[in-house]
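Single-structure report; data block below.
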Amino acid sequence: MSGKLKVGVLISGRGSNLKALIDACAQTDFPARVVIVISNVASAAGLNYAKQAGIPFKIVPHQEFPSREAFDAAVDTELQRASVELVCEAGFMRIHSDGFVRKWLGKVINIHPSLLPAFKGTHVHEKVIAAGVKVSGCTVHYVMPELDSGPIIARSEVPVLEGDTPESLAARVLQAEHKLYPSVLKEIAEGRVRLEGGRVVKNAV
Ligand code: GRF
C-alpha cells in the first residue's frame, strides 16, 4: 500500500470517471490509490462514490472565495494535507489559476470527451455531431493554463454513428473514458509516462 502513487481526484458532478478510478485502484496490484476527493460543488453526486469506498473527501465551494487564486490555494492546501502526488481532474468544472498550474505542472491530468485538439470546451458532443465527423473519442492530457490544451498523453476513439444524439454519443464516449483514464493512471504510476520540457515522454518498462 505505501508504495502506491497517492492520487487526489477533483470533481464537480456525476463522478463516473471518479468511480472508474476508484474501481481500478481497488485491484490489489494497481499501483495507485485515491487518497482524497475534492469537489467544488456540495451536491456533486460523485461524492457518494468516495463515501462508499471510505475515501476522505472535501467540499471546497468556489463561490466562497474572493478569487480563482484563493480557491486554488484552498484546493492546494487539501491536496498537500493528503500528500497527493498526482491530481486527476474528472469532470471538474473550474479553470485553474496560472500559479496553481505552474506549481502542479506535470502532476495534474484531465480527461476530455473529444479527440483533442479538436472540440475543446463544453457542449462537445453537440459540436461533434454538427461538424459531421465520423470519429470522436476522449483524451487524457496534462493540464496547462490554457483550457483543454495541455500535452496529450493518450486518446481513445469511438465511432460517431448515423442518428447519434449528443446523449447517445456521450454514453459511447463515456465507456471509452472509463477504460482510458485508469489505464493512463496506471502508466503514470508505473513511471512509464511523464512530462518533460513541455512534452509527454513515454518509457518502455
Ligand atoms: C466526462 O465526459 C469528462 O470527459 C468531462 O466531464 C465528464 C465528467 O463525467 N471532463 P463524470 O462526472 O466523470 O461522470
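Numbering starts fresh at 1 for the residues of each chain in the C-alpha cells, the chains themselves are lettered A, B, ... in the order given, and ligands are numbered from 1 as they appear.
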
**OP:** Just the residues within 10 Å of region 23-29 of chain A, please, counting only C-alpha atoms, with nothing from its chain fewer than 2 positions along; format it as an MDAnalysis selection string.
**Re:** chainID A and resid 1 4 7 17:21 31:34 49 53 178:179 181:183 185:186

Those selected residues, please, written with N, CA and C atoms and delivered as a PDB file, in the first residue's frame.
```pdb
ATOM      1  N   MET A   1       0.837  -1.211   0.000  1.00  0.00           N
ATOM      2  CA  MET A   1       0.000   0.000   0.000  1.00  0.00           C
ATOM      3  C   MET A   1       0.863   1.248   0.000  1.00  0.00           C
ATOM      4  N   LYS A   4       2.265   2.893  -3.283  1.00  0.00           N
ATOM      5  CA  LYS A   4       1.342   3.299  -4.350  1.00  0.00           C
ATOM      6  C   LYS A   4       1.304   4.808  -4.514  1.00  0.00           C
ATOM      7  N   VAL A   7      -3.160   9.662  -5.160  1.00  0.00           N
ATOM      8  CA  VAL A   7      -3.934  10.416  -6.141  1.00  0.00           C
ATOM      9  C   VAL A   7      -5.031  11.220  -5.461  1.00  0.00           C
ATOM     10  N   ASN A  17     -16.229   8.974 -13.870  1.00  0.00           N
ATOM     11  CA  ASN A  17     -14.788   8.730 -14.053  1.00  0.00           C
ATOM     12  C   ASN A  17     -14.092   8.529 -12.712  1.00  0.00           C
ATOM     13  N   LEU A  18     -14.541   9.256 -11.693  1.00  0.00           N
ATOM     14  CA  LEU A  18     -14.017   9.013 -10.338  1.00  0.00           C
ATOM     15  C   LEU A  18     -14.252   7.557  -9.963  1.00  0.00           C
ATOM     16  N   LYS A  19     -15.455   7.066 -10.235  1.00  0.00           N
ATOM     17  CA  LYS A  19     -15.778   5.668  -9.906  1.00  0.00           C
ATOM     18  C   LYS A  19     -14.850   4.713 -10.656  1.00  0.00           C
ATOM     19  N   ALA A  20     -14.602   5.007 -11.932  1.00  0.00           N
ATOM     20  CA  ALA A  20     -13.703   4.136 -12.713  1.00  0.00           C
ATOM     21  C   ALA A  20     -12.308   4.122 -12.088  1.00  0.00           C
ATOM     22  N   LEU A  21     -11.856   5.268 -11.616  1.00  0.00           N
ATOM     23  CA  LEU A  21     -10.515   5.334 -10.996  1.00  0.00           C
ATOM     24  C   LEU A  21     -10.521   4.594  -9.648  1.00  0.00           C
ATOM     25  N   PRO A  31      -1.093   0.221  -9.113  1.00  0.00           N
ATOM     26  CA  PRO A  31      -0.009   0.981  -8.495  1.00  0.00           C
ATOM     27  C   PRO A  31      -0.385   2.367  -7.949  1.00  0.00           C
ATOM     28  N   ALA A  32      -1.679   2.667  -7.852  1.00  0.00           N
ATOM     29  CA  ALA A  32      -2.094   3.981  -7.343  1.00  0.00           C
ATOM     30  C   ALA A  32      -3.267   3.810  -6.399  1.00  0.00           C
ATOM     31  N   ARG A  33      -3.484   4.816  -5.555  1.00  0.00           N
ATOM     32  CA  ARG A  33      -4.691   4.790  -4.710  1.00  0.00           C
ATOM     33  C   ARG A  33      -5.218   6.210  -4.549  1.00  0.00           C
ATOM     34  N   VAL A  34      -6.534   6.322  -4.488  1.00  0.00           N
ATOM     35  CA  VAL A  34      -7.158   7.634  -4.329  1.00  0.00           C
ATOM     36  C   VAL A  34      -7.148   7.962  -2.840  1.00  0.00           C
ATOM     37  N   TYR A  49     -19.503   8.119  -4.337  1.00  0.00           N
ATOM     38  CA  TYR A  49     -18.528   7.056  -4.639  1.00  0.00           C
ATOM     39  C   TYR A  49     -17.374   7.095  -3.633  1.00  0.00           C
ATOM     40  N   ALA A  53     -16.614   4.123  -0.825  1.00  0.00           N
ATOM     41  CA  ALA A  53     -15.296   3.470  -0.814  1.00  0.00           C
ATOM     42  C   ALA A  53     -14.495   3.829   0.436  1.00  0.00           C
ATOM     43  N   HIS A 178     -13.943   5.532 -19.307  1.00  0.00           N
ATOM     44  CA  HIS A 178     -13.789   4.702 -18.100  1.00  0.00           C
ATOM     45  C   HIS A 178     -12.690   3.657 -18.252  1.00  0.00           C
ATOM     46  N   LYS A 179     -12.301   3.354 -19.499  1.00  0.00           N
ATOM     47  CA  LYS A 179     -11.161   2.444 -19.713  1.00  0.00           C
ATOM     48  C   LYS A 179      -9.868   3.251 -19.814  1.00  0.00           C
ATOM     49  N   TYR A 181      -8.972   6.339 -18.709  1.00  0.00           N
ATOM     50  CA  TYR A 181      -8.433   7.092 -17.561  1.00  0.00           C
ATOM     51  C   TYR A 181      -7.651   6.176 -16.608  1.00  0.00           C
ATOM     52  N   PRO A 182      -8.239   5.024 -16.203  1.00  0.00           N
ATOM     53  CA  PRO A 182      -7.450   4.130 -15.340  1.00  0.00           C
ATOM     54  C   PRO A 182      -6.178   3.628 -16.016  1.00  0.00           C
ATOM     55  N   SER A 183      -6.226   3.416 -17.336  1.00  0.00           N
ATOM     56  CA  SER A 183      -5.019   2.870 -17.985  1.00  0.00           C
ATOM     57  C   SER A 183      -3.911   3.929 -18.021  1.00  0.00           C
ATOM     58  N   LEU A 185      -3.633   6.348 -15.757  1.00  0.00           N
ATOM     59  CA  LEU A 185      -3.190   6.455 -14.357  1.00  0.00           C
ATOM     60  C   LEU A 185      -2.170   5.356 -14.045  1.00  0.00           C
ATOM     61  N   LYS A 186      -2.447   4.162 -14.529  1.00  0.00           N
ATOM     62  CA  LYS A 186      -1.535   3.038 -14.290  1.00  0.00           C
ATOM     63  C   LYS A 186      -0.160   3.331 -14.906  1.00  0.00           C
TER      64      LYS A 186
END
```

**OP:** Pull the alpha helix (DSSP H) assignments for region 27-68 of chain A out of DSSP run on the backbone, and list those residues as a VMD selection string.
**Re:** chain A and resid 47 to 53 68

Subject >> At most 8 Å from ligand 1 (only C-alpha atoms and all ligand atoms): residue list as a PyMOL selection string >> reply: chain A and resi 11-19+46+89-93+110-114+138-139+170+173-174+177

Subject >> Pick from A:Lys107, A:Arg155, A:Arg194, A:Lys134 nearest to Leu86 (chain A), counting only C-alpha atoms >> reply: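 Using only C-alpha atoms, the shortest distance to Leu86 (chain A) belongs to A:Lys107.
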
**OP:** Pick out the closest residue to Val135 (chain A) from this set: A:Glu64, A:Asp98, A:Glu196, A:Asp164. Count only C-alpha atoms.
**Re:**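 Using only C-alpha atoms, the shortest distance to Val135 (chain A) belongs to A:Asp164.
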
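One finds CA of Leu79 (chain A) at 11.5 Å from CA of Val60 (chain A).
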
Subject >> Point-to-point distance in Å for CA of Arg94 (chain A) and CA of Tyr142 (chain A) >> reply: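 Rounded to one decimal, the two atoms are 15.3 Å apart.
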
**OP:** Would you work out the distance separating CA of Val101 (chain A) from CA of Ala176 (chain A), expressed in Å to one decimal?
**Re:**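 Atom-to-atom, CA of Val101 (chain A) to CA of Ala176 (chain A), that is 26.6 Å.
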
Original post:
A:Lys6, A:Arg199, A:His125, A:Arg81: which is nearest Thr165 (chain A), counting only C-alpha atoms?
Top reply: A:His125

Subject >> Which of region 145-194 of chain A DSSP labels strand (DSSP E or B), written as a list in words >> reply: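 Of region 145-194 of chain A, the ones in strand (DSSP E or B) are Ile152, Ile153, Ala154, Arg155, Ser156, Glu157, Val158, Pro159, Val193 and Arg194 of chain A.
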
Export of prior selection with N, CA, C and O atoms as a CSV table (one decimal), in the first residue's frame:
```csv
chain,number,residue,atom,x,y,z
A,152,ILE,N,-0.8,15.9,-24.8
A,152,ILE,CA,-1.7,14.7,-24.8
A,152,ILE,C,-1.0,13.5,-24.4
A,152,ILE,O,0.1,13.2,-24.9
A,153,ILE,N,-1.6,12.8,-23.5
A,153,ILE,CA,-1.0,11.5,-23.0
A,153,ILE,C,-1.5,10.3,-23.8
A,153,ILE,O,-0.8,9.5,-24.3
A,154,ALA,N,-2.8,10.3,-24.0
A,154,ALA,CA,-3.4,9.2,-24.7
A,154,ALA,C,-4.8,9.6,-25.2
A,154,ALA,O,-5.5,10.4,-24.5
A,155,ARG,N,-5.3,8.9,-26.3
A,155,ARG,CA,-6.6,9.2,-26.8
A,155,ARG,C,-7.3,7.8,-27.1
A,155,ARG,O,-6.6,6.8,-27.3
A,156,SER,N,-8.6,7.8,-27.0
A,156,SER,CA,-9.3,6.5,-27.4
A,156,SER,C,-10.4,6.9,-28.3
A,156,SER,O,-11.1,7.9,-28.1
A,157,GLU,N,-10.5,6.2,-29.4
A,157,GLU,CA,-11.5,6.6,-30.5
A,157,GLU,C,-12.8,5.8,-30.3
A,157,GLU,O,-12.8,4.6,-30.0
A,158,VAL,N,-13.9,6.4,-30.7
A,158,VAL,CA,-15.2,5.7,-30.9
A,158,VAL,C,-15.8,6.2,-32.1
A,158,VAL,O,-15.6,7.4,-32.5
A,159,PRO,N,-16.7,5.4,-32.8
A,159,PRO,CA,-17.3,5.9,-34.0
A,159,PRO,C,-18.5,6.8,-33.7
A,159,PRO,O,-19.1,6.7,-32.6
A,193,VAL,N,5.2,7.2,-18.0
A,193,VAL,CA,4.8,8.4,-18.6
A,193,VAL,C,5.1,9.6,-17.7
A,193,VAL,O,4.9,9.5,-16.5
A,194,ARG,N,5.7,10.6,-18.3
A,194,ARG,CA,6.0,11.8,-17.6
A,194,ARG,C,6.0,13.0,-18.5
A,194,ARG,O,6.1,12.9,-19.7
```
